Every structure is written in C-alpha cells, then in structure tokens.
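Enquirer: Below is the file coords-v7.pdb, which contains PDB, C-alpha atoms and all ligand atoms.
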```pdb
ATOM      1  CA  MET A  25      -6.372   8.467  51.043  1.00  0.00           C
ATOM      2  CA  GLN A  26      -5.247   7.824  47.530  1.00  0.00           C
ATOM      3  CA  ALA A  27      -6.286   9.812  44.532  1.00  0.00           C
ATOM      4  CA  THR A  28      -6.488   8.143  41.190  1.00  0.00           C
ATOM      5  CA  ASP A  29      -4.567  10.083  38.643  1.00  0.00           C
ATOM      6  CA  GLY A  30      -4.465   9.688  34.897  1.00  0.00           C
ATOM      7  CA  ALA A  31      -1.517   7.370  34.901  1.00  0.00           C
ATOM      8  CA  GLN A  32      -3.387   4.761  36.845  1.00  0.00           C
ATOM      9  CA  THR A  33      -6.445   4.640  34.670  1.00  0.00           C
ATOM     10  CA  HIS A  34      -4.484   2.713  32.077  1.00  0.00           C
ATOM     11  CA  GLN A  35      -2.784  -0.464  33.032  1.00  0.00           C
ATOM     12  CA  ARG A  36      -0.402  -0.032  30.154  1.00  0.00           C
ATOM     13  CA  VAL A  37       1.117   2.971  28.515  1.00  0.00           C
ATOM     14  CA  CYS A  38       2.039   3.153  24.863  1.00  0.00           C
ATOM     15  CA  GLU A  39       5.628   1.994  24.384  1.00  0.00           C
ATOM     16  CA  GLN A  40       6.426   4.711  21.897  1.00  0.00           C
ATOM     17  CA  PRO A  41       8.944   6.971  23.677  1.00  0.00           C
ATOM     18  CA  GLY A  42       7.287  10.232  24.659  1.00  0.00           C
ATOM     19  CA  CYS A  43       3.764   8.961  24.132  1.00  0.00           C
ATOM     20  CA  ARG A  44       1.543   8.879  27.232  1.00  0.00           C
ATOM     21  CA  LEU A  45      -1.565   7.406  25.739  1.00  0.00           C
ATOM     22  CA  GLY A  46      -2.867   4.065  26.885  1.00  0.00           C
ATOM     23  CA  GLY A  47      -1.229   1.041  25.358  1.00  0.00           C
ATOM     24  CA  ASP A  48      -4.474  -0.610  24.442  1.00  0.00           C
ATOM     25  CA  TYR A  49      -3.278  -2.313  21.284  1.00  0.00           C
ATOM     26  CA  ARG A  50      -1.163  -5.389  21.377  1.00  0.00           C
ATOM     27  CA  ALA A  51       1.471  -6.274  18.818  1.00  0.00           C
ATOM     28  CA  PRO A  52       3.614  -9.347  18.560  1.00  0.00           C
ATOM     29  CA  ARG A  53       7.239  -8.485  19.161  1.00  0.00           C
ATOM     30  CA  ALA A  54       8.401 -10.198  15.986  1.00  0.00           C
ATOM     31  CA  ARG A  55       7.293 -12.812  13.563  1.00  0.00           C
ATOM     32  CA  ASP A  56       9.146 -15.527  15.407  1.00  0.00           C
ATOM     33  CA  ARG A  57       8.226 -14.188  18.851  1.00  0.00           C
ATOM     34  CA  LEU A  58       4.479 -14.026  18.547  1.00  0.00           C
ATOM     35  CA  ASN A  59       3.895 -14.759  22.216  1.00  0.00           C
ATOM     36  CA  GLU A  60       5.846 -11.730  23.355  1.00  0.00           C
ATOM     37  CA  HIS A  61       4.033  -8.466  23.066  1.00  0.00           C
ATOM     38  CA  ARG A  62       4.448  -4.758  22.860  1.00  0.00           C
ATOM     39  CA  TRP A  63       1.648  -2.349  23.674  1.00  0.00           C
ATOM     40  CA  PHE A  64       0.825   0.818  21.812  1.00  0.00           C
ATOM     41  CA  CYS A  65      -1.861   3.410  21.370  1.00  0.00           C
ATOM     42  CA  LEU A  66      -3.823   3.258  18.144  1.00  0.00           C
ATOM     43  CA  GLU A  67      -1.671   5.727  16.256  1.00  0.00           C
ATOM     44  CA  HIS A  68       1.583   4.082  17.204  1.00  0.00           C
ATOM     45  CA  ILE A  69       0.462   0.565  16.604  1.00  0.00           C
ATOM     46  CA  ARG A  70      -0.434   1.641  13.103  1.00  0.00           C
ATOM     47  CA  GLU A  71       3.120   2.803  12.628  1.00  0.00           C
ATOM     48  CA  TYR A  72       4.445  -0.314  14.236  1.00  0.00           C
ATOM     49  CA  ASN A  73       2.227  -2.355  11.997  1.00  0.00           C
ATOM     50  CA  LYS A  74       3.563  -0.702   8.867  1.00  0.00           C
ATOM     51  CA  LYS A  75       7.130  -0.893  10.002  1.00  0.00           C
ATOM     52  CA  TRP A  76       6.803  -4.493  11.021  1.00  0.00           C
ATOM     53  CA  ASP A  77       5.599  -5.282   7.564  1.00  0.00           C
ATOM     54  CA  TYR A  78       8.357  -3.256   5.949  1.00  0.00           C
ATOM     55  CA  PHE A  79      11.073  -4.928   7.974  1.00  0.00           C
ATOM     56  CA  ALA A  80       9.632  -8.381   7.491  1.00  0.00           C
ATOM     57  CA  GLY A  81      12.840  -9.582   5.855  1.00  0.00           C
ATOM     58  CA  LEU A  82      15.032  -8.610   8.805  1.00  0.00           C
ATOM     59  CA  ASP A  83      15.598 -10.575  11.935  1.00  0.00           C
ATOM     60  CA  ALA A  84      14.040  -9.628  15.241  1.00  0.00           C
ATOM     61  CA  ASP A  85      17.027  -7.695  16.557  1.00  0.00           C
ATOM     62  CA  GLU A  86      17.339  -5.633  13.414  1.00  0.00           C
ATOM     63  CA  ILE A  87      13.660  -4.764  13.541  1.00  0.00           C
ATOM     64  CA  GLU A  88      14.001  -3.783  17.186  1.00  0.00           C
ATOM     65  CA  ALA A  89      16.951  -1.574  16.405  1.00  0.00           C
ATOM     66  CA  HIS A  90      15.048   0.239  13.683  1.00  0.00           C
ATOM     67  CA  ILE A  91      11.975   0.677  15.799  1.00  0.00           C
ATOM     68  CA  ARG A  92      13.959   2.129  18.669  1.00  0.00           C
ATOM     69  CA  ALA A  93      15.700   4.641  16.468  1.00  0.00           C
ATOM     70  CA  ASP A  94      13.467   7.621  16.883  1.00  0.00           C
ATOM     71  CA  THR A  95      14.462   9.208  13.618  1.00  0.00           C
ATOM     72  CA  THR A  96      13.387   6.299  11.498  1.00  0.00           C
ATOM     73  CA  TRP A  97      10.339   5.772  13.661  1.00  0.00           C
ATOM     74  CA  ARG A  98       8.857   9.166  13.007  1.00  0.00           C
ATOM     75  CA  ARG A  99       9.420   9.246   9.291  1.00  0.00           C
ATOM     76  CA  PRO A 100       7.791   6.916   6.807  1.00  0.00           C
ATOM     77  CA  VAL A 101      10.990   5.472   5.416  1.00  0.00           C
ATOM     78  CA  TRP A 102       9.187   2.419   4.189  1.00  0.00           C
ATOM     79  CA  PRO A 103       7.443   2.340   0.831  1.00  0.00           C
ATOM     80  CA  LEU A 104       3.780   3.089   1.423  1.00  0.00           C
ATOM     81  CA  GLY A 105       2.520   1.434  -1.708  1.00  0.00           C
ATOM     82  CA  GLY A 106       3.642  -0.703  -4.560  1.00  0.00           C
ATOM     83  CA  ARG A 107       4.519  -3.715  -2.559  1.00  0.00           C
ATOM     84  CA  SER A 108       4.335  -6.991  -4.402  1.00  0.00           C
ATOM     85  CA  SER A 109       1.304  -9.088  -3.705  1.00  0.00           C
ATOM     86  CA  GLY A 110       2.723 -12.526  -2.950  1.00  0.00           C
ATOM     87  CA  GLY A 111       0.363 -14.778  -1.061  1.00  0.00           C
ATOM     88  CA  SER A 112       2.762 -15.182   1.817  1.00  0.00           C
ATOM     89  CA  TYR A 113       2.510 -11.448   2.363  1.00  0.00           C
ATOM     90  CA  ALA A 114      -1.209 -11.357   2.794  1.00  0.00           C
ATOM     91  CA  HIS A 115      -1.252 -12.068   6.509  1.00  0.00           C
ATOM     92  CA  ILE A 116       1.619  -9.713   7.238  1.00  0.00           C
ATOM     93  CA  ILE A 117       0.122  -6.591   5.725  1.00  0.00           C
ATOM     94  CA  ASP A 118      -2.355  -6.295   8.564  1.00  0.00           C
ATOM     95  CA  PRO A 119      -0.985  -8.714  11.122  1.00  0.00           C
ATOM     96  CA  PHE A 120      -3.089  -7.452  14.009  1.00  0.00           C
ATOM     97  CA  GLY A 121      -6.375  -7.229  12.170  1.00  0.00           C
ATOM     98  CA  LEU A 122      -6.550  -3.536  12.948  1.00  0.00           C
ATOM     99  CA  ALA A 123      -7.839  -2.532   9.572  1.00  0.00           C
ATOM    100  CA  ASP A 124     -11.135  -4.185  10.277  1.00  0.00           C
ATOM    101  CA  ASP A 125     -11.364  -3.181  13.918  1.00  0.00           C
ATOM    102  CA  ALA A 126     -10.565   0.457  13.499  1.00  0.00           C
ATOM    103  CA  GLY A 127     -11.792   1.101   9.989  1.00  0.00           C
ATOM    104  CA  LEU A 128      -8.283   1.709   8.785  1.00  0.00           C
ATOM    105  CA  GLY A 129      -8.820  -0.335   5.611  1.00  0.00           C
ATOM    106  CA  GLU A 130      -6.694   0.912   2.746  1.00  0.00           C
ATOM    107  CA  LYS A 131      -4.659  -2.155   2.140  1.00  0.00           C
ATOM    108  CA  PRO A 132      -2.316  -1.638  -0.781  1.00  0.00           C
ATOM    109  CA  ALA A 133      -3.974  -2.656  -4.018  1.00  0.00           C
ATOM    110  CA  PRO A 134      -2.565  -5.807  -5.563  1.00  0.00           C
ATOM    111  CA  HIS A 135       0.457  -4.836  -7.529  1.00  0.00           C
ATOM    112  CA  TYR A 136       1.224  -6.715 -10.691  1.00  0.00           C
ATOM    113  CA  ASP A 137       4.818  -6.042 -11.611  1.00  0.00           C
ATOM    114  CA  GLY A 138       5.328  -6.389 -15.308  1.00  0.00           C
ATOM    115  CA  SER A 139       2.032  -8.166 -15.744  1.00  0.00           C
ATOM    116  CA  GLU A 140       1.111  -5.833 -18.617  1.00  0.00           C
ATOM    117  CA  GLN A 141       3.241  -7.949 -20.882  1.00  0.00           C
ATOM    118  CA  LEU A 142       1.346 -11.154 -20.178  1.00  0.00           C
ATOM    119  CA  THR A 143      -0.747 -12.561 -22.997  1.00  0.00           C
ATOM    120  CA  PRO A 144      -4.448 -13.285 -22.474  1.00  0.00           C
ATOM    121  CA  ALA A 145      -3.627 -16.998 -22.518  1.00  0.00           C
ATOM    122  CA  GLU A 146      -1.063 -16.491 -19.780  1.00  0.00           C
ATOM    123  CA  ARG A 147      -3.495 -14.475 -17.685  1.00  0.00           C
ATOM    124  CA  ASN A 148      -6.076 -17.167 -18.079  1.00  0.00           C
ATOM    125  CA  ALA A 149      -3.514 -19.764 -17.069  1.00  0.00           C
ATOM    126  CA  LEU A 150      -2.788 -17.808 -13.888  1.00  0.00           C
ATOM    127  CA  ASP A 151      -6.502 -17.817 -13.102  1.00  0.00           C
ATOM    128  CA  VAL A 152      -6.808 -21.535 -13.682  1.00  0.00           C
ATOM    129  CA  LEU A 153      -3.861 -22.207 -11.406  1.00  0.00           C
ATOM    130  CA  GLU A 154      -5.122 -19.585  -8.929  1.00  0.00           C
ATOM    131  CA  LEU A 155      -1.823 -17.768  -9.019  1.00  0.00           C
ATOM    132  CA  SER A 156      -1.103 -14.064  -9.049  1.00  0.00           C
ATOM    133  CA  TRP A 157       1.746 -12.242 -10.672  1.00  0.00           C
ATOM    134  CA  PRO A 158       4.662 -11.915 -10.071  1.00  0.00           C
ATOM    135  CA  LEU A 159       5.719 -15.479  -9.539  1.00  0.00           C
ATOM    136  CA  THR A 160       8.534 -17.910 -10.105  1.00  0.00           C
ATOM    137  CA  ARG A 161       8.727 -21.086 -12.128  1.00  0.00           C
ATOM    138  CA  ALA A 162       9.141 -23.005  -8.910  1.00  0.00           C
ATOM    139  CA  ALA A 163       5.871 -21.570  -7.597  1.00  0.00           C
ATOM    140  CA  VAL A 164       4.062 -22.520 -10.796  1.00  0.00           C
ATOM    141  CA  LYS A 165       5.395 -26.030 -10.640  1.00  0.00           C
ATOM    142  CA  SER A 166       4.489 -26.541  -7.023  1.00  0.00           C
ATOM    143  CA  ARG A 167       0.960 -25.193  -7.529  1.00  0.00           C
ATOM    144  CA  TYR A 168       0.577 -27.443 -10.563  1.00  0.00           C
ATOM    145  CA  LYS A 169       1.540 -30.523  -8.587  1.00  0.00           C
ATOM    146  CA  GLU A 170      -0.838 -29.573  -5.813  1.00  0.00           C
ATOM    147  CA  LEU A 171      -3.779 -29.053  -8.179  1.00  0.00           C
ATOM    148  CA  VAL A 172      -3.099 -32.228 -10.124  1.00  0.00           C
ATOM    149  CA  LYS A 173      -3.246 -34.149  -6.907  1.00  0.00           C
ATOM    150  CA  ARG A 174      -6.470 -32.452  -5.867  1.00  0.00           C
ATOM    151  CA  HIS A 175      -8.268 -32.749  -9.200  1.00  0.00           C
ATOM    152  CA  HIS A 176      -6.994 -36.065 -10.412  1.00  0.00           C
ATOM    153  CA  PRO A 177      -9.948 -38.209 -11.540  1.00  0.00           C
ATOM    154  CA  ASP A 178      -8.608 -41.119  -9.512  1.00  0.00           C
ATOM    155  CA  ALA A 179      -8.984 -39.021  -6.404  1.00  0.00           C
ATOM    156  CA  ASN A 180     -12.488 -37.974  -7.410  1.00  0.00           C
ATOM    157  CA  GLY A 181     -14.078 -41.310  -8.247  1.00  0.00           C
ATOM    158  CA  GLY A 182     -13.410 -40.778 -11.956  1.00  0.00           C
ATOM    159  CA  ALA A 183     -15.711 -37.756 -11.997  1.00  0.00           C
ATOM    160  CA  ARG A 184     -16.051 -36.070 -15.368  1.00  0.00           C
ATOM    161  CA  GLU A 185     -15.657 -32.556 -13.925  1.00  0.00           C
ATOM    162  CA  ALA A 186     -12.404 -33.554 -12.319  1.00  0.00           C
ATOM    163  CA  GLU A 187     -11.173 -34.817 -15.682  1.00  0.00           C
ATOM    164  CA  GLU A 188     -12.210 -31.576 -17.355  1.00  0.00           C
ATOM    165  CA  LYS A 189     -10.579 -29.491 -14.651  1.00  0.00           C
ATOM    166  CA  LEU A 190      -7.400 -31.499 -14.937  1.00  0.00           C
ATOM    167  CA  LYS A 191      -7.262 -30.777 -18.675  1.00  0.00           C
ATOM    168  CA  GLN A 192      -7.510 -27.067 -17.985  1.00  0.00           C
ATOM    169  CA  ILE A 193      -4.798 -27.335 -15.363  1.00  0.00           C
ATOM    170  CA  ASN A 194      -2.505 -29.194 -17.740  1.00  0.00           C
ATOM    171  CA  ALA A 195      -3.090 -26.643 -20.485  1.00  0.00           C
ATOM    172  CA  ALA A 196      -2.489 -23.769 -18.090  1.00  0.00           C
ATOM    173  CA  TYR A 197       0.728 -25.321 -16.910  1.00  0.00           C
ATOM    174  CA  SER A 198       1.983 -25.857 -20.475  1.00  0.00           C
ATOM    175  CA  THR A 199       1.208 -22.236 -21.275  1.00  0.00           C
ATOM    176  CA  LEU A 200       3.126 -20.919 -18.289  1.00  0.00           C
ATOM    177  CA  ARG A 201       5.988 -23.323 -18.726  1.00  0.00           C
ATOM    178  CA  ALA A 202       6.466 -22.068 -22.283  1.00  0.00           C
ATOM    179  CA  SER A 203       6.063 -18.443 -21.229  1.00  0.00           C
ATOM    180  CA  GLU A 204       8.929 -16.057 -21.903  1.00  0.00           C
ATOM    181  CA  HIS A 205       7.638 -13.787 -19.176  1.00  0.00           C
ATOM    182  CA  LEU A 206       8.479 -15.953 -16.235  1.00  0.00           C
ATOM    183  CA  PRO A 207      11.909 -15.563 -14.691  1.00  0.00           C
ATOM    184  CA  THR A 208      14.279 -18.259 -15.915  1.00  0.00           C
ATOM    185  CA  GLU A 209      15.579 -19.500 -12.573  1.00  0.00           C
TER     186      GLU A 209
HETATM  187 ZN    ZN B 301       1.389   6.061  21.424  1.00  0.00          ZN
END
```
Could you write out this file's structure as structure tokens?

Expert:
Amino acid sequence: MQATDGAQTHQRVCEQPGCRLGGDYRAPRARDRLNEHRWFCLEHIREYNKKWDYFAGLDADEIEAHIRADTTWRRPVWPLGGRSSGGSYAHIIDPFGLADDAGLGEKPAPHYDGSEQLTPAERNALDVLELSWPLTRAAVKSRYKELVKRHHPDANGGAREAEEKLKQINAAYSTLRASEHLPTE
C-alpha cells in the first residue's frame, strides 16, 4: 500500500531553494533559451520575472549566477520603476503574461526621460512617427524610412490621404532632425 503524501501531489516543485510550493509556473531559462524552462510557484516566478527583465542585458550564464545567489535573489536589487520605455522592452517586462493571468498588473508607467524639454512641435512629430521618447537619431531615421515606404502615394494607388500623410511624415522628420534634444550620435 502506498500513501500519497504532499510531495507527490505536485509533479514539479518550485525551483527556488527552500521553497516547497508547487512549480506551476513556467519560465523560459533565458532569452536565447526559450525552449528550456524553469518552474516556480507564483511568488517566485514573479521575482524571476522581475529579475529576468532587470538582467536582460546580461548573458544567460550571468543571469543564472545572479539568480542562484540567494542574497541577491531575496532582495530587490533591481530598480522597481523608472525603466525606459523602449519598444523592444515591451515584451520583456511581462514575458510570461502573468500580469494578465494573475491580476498582477502594475506595469511600470511609460517613462519619458528628459521629454519635458521637448517642444510641442517635437511632441507632435513623435506622434506622427509613432515614436516614444527617449530615442536616437538612428531610430528616427529608420522609422521615417519605414513610414515613407508604407505611405508613399505610389504604393497606395496615388491616394490623396497617402499624399497628405506623407507630408506630415516629412514635416515630422524635418522637425526631429533639426531638434537639439536628440542625442547627436
Ligand atoms: Zn516558490
């Protein structure tokens, strides 16, 4: 006869050392190892989630090392707010979609470093180009090229709206190109 004890009710146990809760939440091991997983309880996957985001610039081994170090694990050494809002970040902030599933919401509000100094014309130009601050000249240029391609009248059967949109895009680009507020690189 075999009794079922607590340990067998969960197939997986949270990987956080010392934690005995069920590892019901799956996390990719690293950005470049998305098919390899770690399993955590809800609380610890939240921490893992934050830390993963924070260490996004490091390579997989460095992230691993930090996560395994208990002392850094237990303390919020990462900045909890005030992260920049670059588009490439958007999918990393909540990589496992937990915010929606578990009602954990509270994504950091978009953070506009130094955007106070932008003129209304520059803000408008950002809107037209669908860009958010902060950004680089290279990013402006590449978005401009992309939008010109998309809205060029030739690509839209000579449509009047496309022509109008293209004018706005050109004006927005001129504004930003002449802006003193963009980094010079
Ligand atoms: Zn846990």

Enquirer: As JSON, numbers by chain, please: the residues near stretch 182-194 of chain A (cut-off 12 Å, only C-alpha atoms, same-chain neighbours under 2 positions excluded).

Expert: {"A": [145, 148, 149, 150, 151, 152, 153, 154, 155, 164, 165, 167, 168, 169, 170, 171, 172, 173, 174, 175, 176, 177, 178, 179, 180, 196, 197, 198, 199, 200, 201]}

Enquirer: Please report the interatomic distance between atom CA of A:Glu71 and atom CA of A:Gln35 in Å with one decimal.

Expert: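 Separation between atom CA of A:Glu71 and atom CA of A:Gln35: 21.5 Å.
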
Enquirer: Taking only C-alpha atoms and all ligand atoms into account, list the residues no farther than 10 Å from ligand ZN 301 (chain B), as a PDB file with C-alpha atoms, in the coordinates of the input.

Expert:
```pdb
ATOM      1  CA  VAL A  37       1.117   2.971  28.515  1.00  0.00           C
ATOM      2  CA  CYS A  38       2.039   3.153  24.863  1.00  0.00           C
ATOM      3  CA  GLU A  39       5.628   1.994  24.384  1.00  0.00           C
ATOM      4  CA  GLN A  40       6.426   4.711  21.897  1.00  0.00           C
ATOM      5  CA  PRO A  41       8.944   6.971  23.677  1.00  0.00           C
ATOM      6  CA  GLY A  42       7.287  10.232  24.659  1.00  0.00           C
ATOM      7  CA  CYS A  43       3.764   8.961  24.132  1.00  0.00           C
ATOM      8  CA  ARG A  44       1.543   8.879  27.232  1.00  0.00           C
ATOM      9  CA  LEU A  45      -1.565   7.406  25.739  1.00  0.00           C
ATOM     10  CA  GLY A  46      -2.867   4.065  26.885  1.00  0.00           C
ATOM     11  CA  GLY A  47      -1.229   1.041  25.358  1.00  0.00           C
ATOM     12  CA  ASP A  48      -4.474  -0.610  24.442  1.00  0.00           C
ATOM     13  CA  TYR A  49      -3.278  -2.313  21.284  1.00  0.00           C
ATOM     14  CA  TRP A  63       1.648  -2.349  23.674  1.00  0.00           C
ATOM     15  CA  PHE A  64       0.825   0.818  21.812  1.00  0.00           C
ATOM     16  CA  CYS A  65      -1.861   3.410  21.370  1.00  0.00           C
ATOM     17  CA  LEU A  66      -3.823   3.258  18.144  1.00  0.00           C
ATOM     18  CA  GLU A  67      -1.671   5.727  16.256  1.00  0.00           C
ATOM     19  CA  HIS A  68       1.583   4.082  17.204  1.00  0.00           C
ATOM     20  CA  ILE A  69       0.462   0.565  16.604  1.00  0.00           C
ATOM     21  CA  ARG A  70      -0.434   1.641  13.103  1.00  0.00           C
ATOM     22  CA  GLU A  71       3.120   2.803  12.628  1.00  0.00           C
TER      23      GLU A  71
END
```

Enquirer: May I ask which of the residues A:Glu60, A:His205, A:Ala51, A:Arg161 is the closest one to A:Lys75, counting all atoms listed in the file?

Expert: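 Between A:Glu60, A:His205, A:Ala51, A:Arg161, the residue approaching A:Lys75 most closely is A:Ala51.
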
Enquirer: Measuring between only C-alpha atoms, which one of A:Ser203, A:Asn73, A:Arg36, A:Pro158 shows the shortest distance to A:Pro144?

Expert: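 Looking at the shortest contact to A:Pro144, the residue is A:Ser203.
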
Enquirer: Work out how far apart atom CA of A:Tyr72 and atom CA of A:Ser156 are and give it in Å to one decimal.

Expert: 27.6 Å

Enquirer: Using all atoms of stretch 147-150 of chain A listed in the file and a margin of 5 Å per side, can you give the axis-aligned box centre and edge lengths in Å to one decimal, as AutoDock Vina command-line options?

Expert:
```
--center_x -4.4 --center_y -17.1 --center_z -16.0 --size_x 13.3 --size_y 15.3 --size_z 14.2
```

Enquirer: So how many Å separate atom CA of A:Lys74 and atom CA of A:Trp157, to one decimal?

Expert: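 Result for atom CA of A:Lys74 versus atom CA of A:Trp157: 22.8 Å, one decimal.
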